[in-house]
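Peer 1: Handing you this structure, nothing more for now.
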Amino acid sequence: MSTVLSLHLVMRAELPVGAFIAAGLVLVPLPWHWRARNVAMLSTIVWLFVANIIYAIDAIIWAGNVEDSVPVWCDITTKLQIGTNMALPACCLCICIHLERIASVRQVSTSHSDKMRRMIFDAMICWMIPIVYMALHYVVQGHRFDIVEDFGCRPTVYVSIPAIFLIWVPPITAALATFGFAAVAVRHFFRRRLMFAKHLQNSNSGLTTSRYFRLMSMAVVQMFWSLLITSFNMWFSCQNGLRPWISWDNVHMGFSQIAYFPTVFIPSSTLTWTYILWWALPASAVVFFAFFSFGHDAMNEYRECFSWVRRTIFSRISGGQSGGSKDLSLARVRTGCHSPATSRKFPMRFLCNRPSSMGSSEKESTVYGWDSVEKDSMALSSDYPILYTNSIHSSAPPPSSRLSSPGERDVDQHAFV
């Protein structure tokens, strides 16, 4: 049994590894967005990081099993998965609203009070709306959660007309609004394209033309990806029809139930789509990383980090090695240049001045919820919706008592982000 489990873990090792790598990649642009106090971008990083970590841990815990080993973990993470479905569109919407405001003539310059108001507004959109969205999910939550082998715990949705308006319509609406603000911002650019760089400089926003369009492109691409996957998941979840909304008690009957889905009982086509859509979340993280990790600012940041590592780490290592080698060389030279019988030096005193040869050379995703046996037929082919959730080289300075850091100088368903 242990051999079979080990083999299964090896076969599905790409799931946790991919999620952990994606979680690490989204942290790369964190320092410069933190210095810029860009709340929308920081929120995007946090949501993507948390969601990928959840996916990775789930893939490890439930590799080859469907045991209910950590139910409290599932209660928390399934809600966060639902929240990510709304958080990423909300963050991109904030970015495009900000970019449209900068490109328009309504905002000639940005004062400190304007920045504070924008930060508060972005925080409300990026965090309060997803929290409300998570709370409203309970209205169409048929039972506690599902556990799918290899993928872990998944949030559930009672597929009905209320679910369409509470679960799928809000992210789609945010995505469409993002496209609208992006289109208006592009129109502002073409109207004053000759003076656009000067306008960005006068606005005191800290944006250059390349940074402006990098933010715009990232938001539009993420929203196109989100709109595509969310629309497909809504169609896939509703293709077998909607469940009737009889009453609150009927929908939440047997709410404490947990549904378990071994992969051997899941249709191969559904399992294939589940596997593909699972990667939508890591793919979103990779897209985010690609837009902000290869630009001019990122290259400067990498050079500063490399220079800092050279100054603080490699210089100490090389200094310690060369110091030890120097002491050893001097000891040998002194032994060879003095007579064992007297302290007077030999005439060949020039030998002591030769350099030592011992110098140092080392330099929702998918919801698998069938609310209850009493409610539905438990047919895997009919009630198997999948909900997409989103969301440096310089010479070493002289020794100093203060070390500088590199940053010193700015149905039931599953949620996949």
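Chain identifiers are assigned as A, B, and so on, following the order in which chains appear in the structure tokens; residues are numbered from 1 within each chain, and ligands are numbered from 1 in order of appearance.
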Contacts of range 15-19 of chain A at 6 Å or less, counting only C-alpha atoms, minus same-chain residues fewer than 4 places along, as a PyMOL selection string?
Peer 2: chain A and resi 52+56+59+282
Peer 1: Determine, counting only C-alpha atoms, which protein, DNA and RNA residues have an atom within 12 Å of an atom of His137 in chain A; residues of the same chain fewer than 4 positions away are not included. Present the result as a ChimeraX atom specification.
Peer 2: /A:78-83,85-86,130-133,141-144,155-159,162-168,170,364,412-413,415
Peer 1: What lies within 8 Å of Ser43 in chain A using only C-alpha atoms, ignoring chain neighbours under 6 positions off, as an MDAnalysis selection string?
Peer 2: chainID A and resid 91 126:127
Peer 1: Which one of A:Ile125, A:Cys305, A:Leu88, A:Val140 sits closest to Phe224 in chain A if you count only C-alpha atoms?
Peer 2: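 Looking only at the distances to Phe224 in chain A, the closest residue turns out to be A:Leu88.
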Peer 1: Which of these residues is nearest to Ala177 in chain A, using only C-alpha atoms: A:Ile95, A:Ala36, A:Pro244, A:Arg154?
Peer 2: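 Smallest separation from Ala177 in chain A among the options: A:Ile95.
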Peer 1: In Å, with one decimal, what is the gap from CA of Leu242 in chain A to CA of Ser226 in chain A?
Peer 2: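 Pair CA of Leu242 in chain A / CA of Ser226 in chain A returns 22.9 Å.
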Peer 1: Could you write out, as a list in words, all the residues of range 1-196 of chain A that DSSP marks as strand (DSSP E or B)?
Peer 2: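 Selecting the strand (DSSP E or B) positions of range 1-196 of chain A gives Phe145, Asp146, Ile147, Val148, Gly152, Cys153 and Arg154 of chain A.
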Peer 1: Please list as number ranges by chain every residue within 10 Å of Phe288 in chain A, counting only C-alpha atoms and excluding residues in the same chain fewer than 6 positions away.
Peer 2: A: 22, 25-26, 29, 41, 44-45, 48, 215, 218-219, 221-222, 282
Peer 1: Pick from A:Phe255, A:Ser268, A:Ala103, A:Pro89: nearest to His188 in chain A, with only C-alpha atoms counted?
Peer 2: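 Of A:Phe255, A:Ser268, A:Ala103, A:Pro89, the one nearest His188 in chain A is A:Ala103, counting only C-alpha atoms.
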Peer 1: Give me, please, the distance in Å between CA of Leu93 in chain A and CA of Thr178 in chain A, quoted to one decimal.
Peer 2: 4.7 Å
